Amino acid sequence: MELAGSALLISKPGIVSGVGLAGLAGMVLAERGMPAAGIVIPCLASIIGAASGSAVMNGILDSPLDARMPRVSGRVEAMRRVGSGGALALSLGLIVASLFLSYRYFHGMTAALVLAAVLSYTLLYTLLLKRRSPYGTIPGGIPGALPVLIGYSAVTGRIGMDGIILFLVMILWQPPHFWTLALAHRDEYRDAGVPVLPVARGEPYTKILLFLYAVSLLPATLALWVFGYCSGVFALVAVVLWCFFLLSCYRNVVGRRRYRRAFGASILYMMGILMAVIVDVSTRAF
């Protein structure tokens, strides 16, 4: 039982649940309503399997860095209990199973997007961008946003403009989301030798970029309403959520150094946007 709990911890279930919600939003946009269970279940299984396997691989590759970061001490201990061999087998098993599901039940594009999400997270971000550039988190948001396109292509075999808009929203959200965490734990990142933006460019510069990205989220999300993919009710919800997020950033990043609160607000913001898309499009279908 303890081993199973450790395996679950290193698969980062919190992140994976968000990725699954993004995939469901992509499916709903493509279907213009809630897709049949025969599509939703295997697609979510594929997305969650790929995300979990990639998270475990990330833990394996980042283990020397994580050992110097008290923030992830629980995950480091869980990785030790599972063992490098067990973690590798778990990671590869989940990734292969997800690729099989996406190829077996859907289109070649869907399987290709799943593979792209895995490779962009484990190789492009973890091994290259994260270690070399303070701006690595900007393209590093691609694997977290790709589930939108994976879900969309699973339904239609193509990618529509509405899916691309939501994909771009998630790309814009990722940098300020991560930078709140980097600000909160910049000393740990510095000790681990990871050149995150607050370490490489300083707090003031990071906060300016954080707000620029946060501000850009409003027109990006409202594009779903402007082009007729979502209703005016969605637009209103998007504005309220954006005001909540921006106010939290101002109070907890500029007003006080309560970066973890801004990080939590960022999660609530994106979960709220994805749920608003799902509910709005699904209810309009009836």
# chains A, B, ... in the order shown; residues from 1 in each chain; ligands from 1

$ residues_around --residues "Pro198 of chain A" --least-positions-apart "6" --cutoff "9 Å" --atoms "only C-alpha atoms" --output "list in words"
Pro134, Trp179, Ala182, Leu183, Arg186, Pro204, Tyr205, Thr206 and Lys207 of chain A

$ residues_around --residues "Leu127 of chain A" --least-positions-apart "5" --cutoff "12 Å" --atoms "only C-alpha atoms" --output "ChimeraX atom specification"
/A:57-63,65,119-122,132-133,136,140,194

$ closest_atom_pairs --of "segment 174-232 of chain A" --to "segment 259-277 of chain A" --cutoff "8 Å" --atoms "only C-alpha atoms" --output "JSON lines"
{"residue": "A:His177", "atom": "CA", "partner": "A:Ser266", "partner_atom": "CA", "distance": 5.8}
{"residue": "A:Phe178", "atom": "CA", "partner": "A:Phe263", "partner_atom": "CA", "distance": 7.6}
{"residue": "A:Thr180", "atom": "CA", "partner": "A:Tyr259", "partner_atom": "CA", "distance": 5.4}
{"residue": "A:Leu181", "atom": "CA", "partner": "A:Phe263", "partner_atom": "CA", "distance": 6.2}
{"residue": "A:Leu183", "atom": "CA", "partner": "A:Tyr259", "partner_atom": "CA", "distance": 6.6}
{"residue": "A:Ala184", "atom": "CA", "partner": "A:Tyr259", "partner_atom": "CA", "distance": 5.3}
{"residue": "A:Cys230", "atom": "CA", "partner": "A:Val277", "partner_atom": "CA", "distance": 7.2}

$ closest_atom_pairs --of "segment 33-59 of chain A" --to "segment 148-154 of chain A" --cutoff "9 Å" --atoms "only C-alpha atoms" --output "Markdown table"
| residue | atom | partner | partner_atom | distance |
| --- | --- | --- | --- | --- |
| A:Ile39 | CA | A:Ala154 | CA | 7.4 |
| A:Val40 | CA | A:Gly151 | CA | 8.4 |
| A:Cys43 | CA | A:Gly151 | CA | 6.7 |
| A:Leu44 | CA | A:Gly151 | CA | 8.0 |
| A:Ile47 | CA | A:Ile150 | CA | 7.8 |

$ write_last_selection --atoms "N, CA and C atoms" --output "PDB file, in the first residue's frame"
ATOM      1  N   ILE A  39     -15.773   7.932 -26.439  1.00  0.00           N
ATOM      2  CA  ILE A  39     -14.677   8.831 -26.812  1.00  0.00           C
ATOM      3  C   ILE A  39     -13.999   9.390 -25.566  1.00  0.00           C
ATOM      4  N   VAL A  40     -14.815   9.840 -24.615  1.00  0.00           N
ATOM      5  CA  VAL A  40     -14.272  10.516 -23.428  1.00  0.00           C
ATOM      6  C   VAL A  40     -13.364   9.591 -22.623  1.00  0.00           C
ATOM      7  N   CYS A  43      -9.989   8.573 -24.353  1.00  0.00           N
ATOM      8  CA  CYS A  43      -9.173   9.773 -24.567  1.00  0.00           C
ATOM      9  C   CYS A  43      -8.581  10.274 -23.248  1.00  0.00           C
ATOM     10  N   LEU A  44      -9.424  10.347 -22.214  1.00  0.00           N
ATOM     11  CA  LEU A  44      -8.902  10.770 -20.914  1.00  0.00           C
ATOM     12  C   LEU A  44      -7.878   9.780 -20.372  1.00  0.00           C
ATOM     13  N   ILE A  47      -4.651  10.572 -22.174  1.00  0.00           N
ATOM     14  CA  ILE A  47      -4.057  11.827 -21.710  1.00  0.00           C
ATOM     15  C   ILE A  47      -3.475  11.671 -20.308  1.00  0.00           C
TER      16      ILE A  47
END

$ closest_residue --among "A:Arg104, A:Arg284, A:Val19, A:Arg81" --to "Pro147 of chain A" --atoms "only C-alpha atoms"
A:Val19

$ closest_residue --among "A:Thr110, A:Thr221, A:Thr137, A:Ser17" --to "Leu241 of chain A" --atoms "only C-alpha atoms"
A:Thr221

$ residues_around --residues "segment 155-163 of chain A" --least-positions-apart "3" --cutoff "10 Å" --atoms "only C-alpha atoms" --output "PyMOL selection string"
chain A and resi 25-31+35-36+39-40+43+106-110+146+148-152+166-169+223-225+227-230

$ atom_distance --atom1 "atom CA of Ala97 of chain A" --atom2 "atom CA of Val72 of chain A"
27.5 Å

$ closest_residue --among "A:Ser11, A:Ser282, A:Ser248, A:Ser52" --to "Val76 of chain A" --atoms "only C-alpha atoms"
A:Ser11

$ select_by_dssp --residues "segment 215-270 of chain A" --states "alpha helix (DSSP H)" --output "MDAnalysis selection string"
chainID A and resid 215:226 232:249 259:270

$ write_last_selection --atoms "C-alpha atoms" --output "PDB file, in the first residue's frame"
ATOM      1  CA  VAL A 215      -3.197  40.904 -18.499  1.00  0.00           C
ATOM      2  CA  SER A 216      -2.987  39.165 -21.896  1.00  0.00           C
ATOM      3  CA  LEU A 217      -5.208  36.352 -20.627  1.00  0.00           C
ATOM      4  CA  LEU A 218      -8.357  38.486 -20.791  1.00  0.00           C
ATOM      5  CA  PRO A 219      -8.409  39.179 -24.556  1.00  0.00           C
ATOM      6  CA  ALA A 220      -7.261  35.626 -25.226  1.00  0.00           C
ATOM      7  CA  THR A 221     -10.138  34.048 -23.311  1.00  0.00           C
ATOM      8  CA  LEU A 222     -12.697  36.542 -24.639  1.00  0.00           C
ATOM      9  CA  ALA A 223     -11.721  35.510 -28.176  1.00  0.00           C
ATOM     10  CA  LEU A 224     -13.813  32.377 -27.594  1.00  0.00           C
ATOM     11  CA  TRP A 225     -16.837  34.663 -27.179  1.00  0.00           C
ATOM     12  CA  VAL A 226     -15.900  37.171 -29.898  1.00  0.00           C
ATOM     13  CA  GLY A 232     -21.934  35.982 -23.352  1.00  0.00           C
ATOM     14  CA  VAL A 233     -22.370  34.181 -20.039  1.00  0.00           C
ATOM     15  CA  PHE A 234     -18.965  32.582 -20.542  1.00  0.00           C
ATOM     16  CA  ALA A 235     -17.504  36.010 -21.328  1.00  0.00           C
ATOM     17  CA  LEU A 236     -18.877  37.391 -18.067  1.00  0.00           C
ATOM     18  CA  VAL A 237     -17.476  34.467 -16.077  1.00  0.00           C
ATOM     19  CA  ALA A 238     -14.110  34.868 -17.831  1.00  0.00           C
ATOM     20  CA  VAL A 239     -13.966  38.558 -16.875  1.00  0.00           C
ATOM     21  CA  VAL A 240     -14.831  37.802 -13.230  1.00  0.00           C
ATOM     22  CA  LEU A 241     -12.213  35.038 -13.040  1.00  0.00           C
ATOM     23  CA  TRP A 242      -9.603  37.291 -14.640  1.00  0.00           C
ATOM     24  CA  CYS A 243     -10.311  40.093 -12.162  1.00  0.00           C
ATOM     25  CA  PHE A 244      -9.948  37.586  -9.326  1.00  0.00           C
ATOM     26  CA  PHE A 245      -6.618  36.348 -10.693  1.00  0.00           C
ATOM     27  CA  LEU A 246      -5.235  39.823 -11.390  1.00  0.00           C
ATOM     28  CA  LEU A 247      -6.289  41.099  -7.956  1.00  0.00           C
ATOM     29  CA  SER A 248      -4.646  38.111  -6.299  1.00  0.00           C
ATOM     30  CA  CYS A 249      -1.430  38.761  -8.225  1.00  0.00           C
ATOM     31  CA  TYR A 259       3.535  34.091  -3.687  1.00  0.00           C
ATOM     32  CA  ARG A 260       1.998  30.747  -2.773  1.00  0.00           C
ATOM     33  CA  ARG A 261      -1.403  32.404  -2.476  1.00  0.00           C
ATOM     34  CA  ALA A 262      -1.031  33.802  -5.985  1.00  0.00           C
ATOM     35  CA  PHE A 263      -0.012  30.332  -7.144  1.00  0.00           C
ATOM     36  CA  GLY A 264      -3.176  28.861  -5.645  1.00  0.00           C
ATOM     37  CA  ALA A 265      -5.306  31.590  -7.223  1.00  0.00           C
ATOM     38  CA  SER A 266      -3.714  30.811 -10.575  1.00  0.00           C
ATOM     39  CA  ILE A 267      -4.815  27.187 -10.315  1.00  0.00           C
ATOM     40  CA  LEU A 268      -8.367  28.215  -9.412  1.00  0.00           C
ATOM     41  CA  TYR A 269      -8.416  30.648 -12.335  1.00  0.00           C
ATOM     42  CA  MET A 270      -7.494  28.082 -14.969  1.00  0.00           C
TER      43      MET A 270
END
